[in-house]
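Student: Mind looking over this structure? Questions follow.
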Amino acid sequence: MRERGVDDGFIINIGSTFGHTHAWPMGLGFYGMTKHAIAAIGKGLDSELKTVNSHIRTVEISPGMVATEILALIYGKELADKIYGRTETLSVDDIADCTIFCLSAQTRAKVSTLVMDTVQSVDFTKETQTF
């Protein structure tokens with residue numbers, strides 16, 4: 001961005017609530033570690049941008065459970081359907097709304113990290129312990 005003369009843009013990293021914990025369900029440790037890395041890289045980049053007095057803003061958006069294929073790939077479709085069936089999941093529109101919120105901040109302000117989840121989030125650790 002800076003090479004192109006842009007000094008007021010956004011870098012948006014999509015993480016996960018799993019990037020903010022170290023207690024991952026069995027089979028999702030690597031996923032959690034990569035989401036944790038996204039958070040760390042974003043914070044490091046933000047620090048470097050501040051050092052050079054850049055106005056480029058970084059934000060990490062960390063959604064909770066979204067119905068994707070990852071659980072079916074790791075645990076199988078039956079268990080994934082059971083887990084998703086127990087709770088309401090976030091939608092793509094929920095994430096888009098949060099992204100728009102972050103982008104709409106005044107130039108003097110920024111959202112560094114936005115962690116979002118459903119009102120009735122579920123802990124599915126028990127189901128995955130038998131994996």
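How things are named: the first chain in the structure tokens is A, the next is B, and so on; residues count from 1 in each chain; ligands count from 1 in the order shown.
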Using only C-alpha atoms, which protein or nucleic acid residues come within 12 Å of region 83-98 of chain A? Drop anything in the same chain fewer than 6 positions from it, and give the result as a ChimeraX atom specification.
Tutor: /A:12-16,59-72,75-77,104-105,111,113-128
Student: Write out as a PyMOL selection string the set of residues from chain A that DSSP, computed on the backbone, places in strand (DSSP E).
Tutor: chain A and resi 10-14+57-63+113-116
Student: What would the file look like if the residues just selected were written as a short mmCIF file (atom, residue, chain, number, x, y, z; two decimals), in the first residue's frame with C-alpha atoms?
Tutor:
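Wrote result26.cif, looks like this:
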data_model
loop_
_atom_site.label_atom_id
_atom_site.label_comp_id
_atom_site.auth_asym_id
_atom_site.auth_seq_id
_atom_site.Cartn_x
_atom_site.Cartn_y
_atom_site.Cartn_z
CA PHE A 10 -7.16 -0.84 6.00
CA ILE A 11 -5.67 -4.29 6.47
CA ILE A 12 -8.37 -6.66 7.69
CA ASN A 13 -7.40 -10.04 9.08
CA ILE A 14 -10.12 -12.60 9.64
CA ARG A 57 -5.13 0.75 10.08
CA THR A 58 -5.12 -2.94 10.89
CA VAL A 59 -8.05 -4.81 12.35
CA GLU A 60 -8.56 -8.41 13.34
CA ILE A 61 -12.13 -9.68 13.15
CA SER A 62 -12.53 -12.88 15.16
CA PRO A 63 -15.86 -14.60 14.66
CA THR A 113 -9.72 -6.41 17.47
CA LEU A 114 -13.37 -7.28 17.15
CA VAL A 115 -14.36 -10.59 18.74
CA MET A 116 -17.89 -11.70 17.95
#
Student: Nearest residue to Ala37 (chain A) out of A:Pro25, A:His55, A:Ser112, A:Gly19, using only C-alpha atoms?
Tutor: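 Going through A:Pro25, A:His55, A:Ser112, A:Gly19 one by one, the smallest distance to Ala37 (chain A) is for A:Gly19.
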Student: Given only C-alpha atoms as the basis, pick out the residue of A:Ile56, A:Gly44, A:Leu79, A:Arg2 nearest to Thr107 (chain A).
Tutor: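 Of A:Ile56, A:Gly44, A:Leu79, A:Arg2, the one nearest Thr107 (chain A) is A:Ile56, counting only C-alpha atoms.
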Student: Enumerate the residues of chain A with a DSSP assignment of alpha helix (DSSP H), computed from the backbone, and present them as a ChimeraX atom specification.
Tutor: /A:29-51,70-75,77-85,92-103,125-128
Student: Could you check which of A:Glu48, A:Thr17, A:Ser54, A:Arg108 is closest to His36 (chain A), using only C-alpha atoms?
Tutor: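 Closest to His36 (chain A) of all the choices is A:Thr17.
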Student: When distances are computed from only C-alpha atoms, which of A:Ala109, A:Asp81, A:Thr21, A:Arg4 shows the smallest separation from Ala39 (chain A)?
Tutor: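 Nearest candidate to Ala39 (chain A) out of A:Ala109, A:Asp81, A:Thr21, A:Arg4: A:Thr21.
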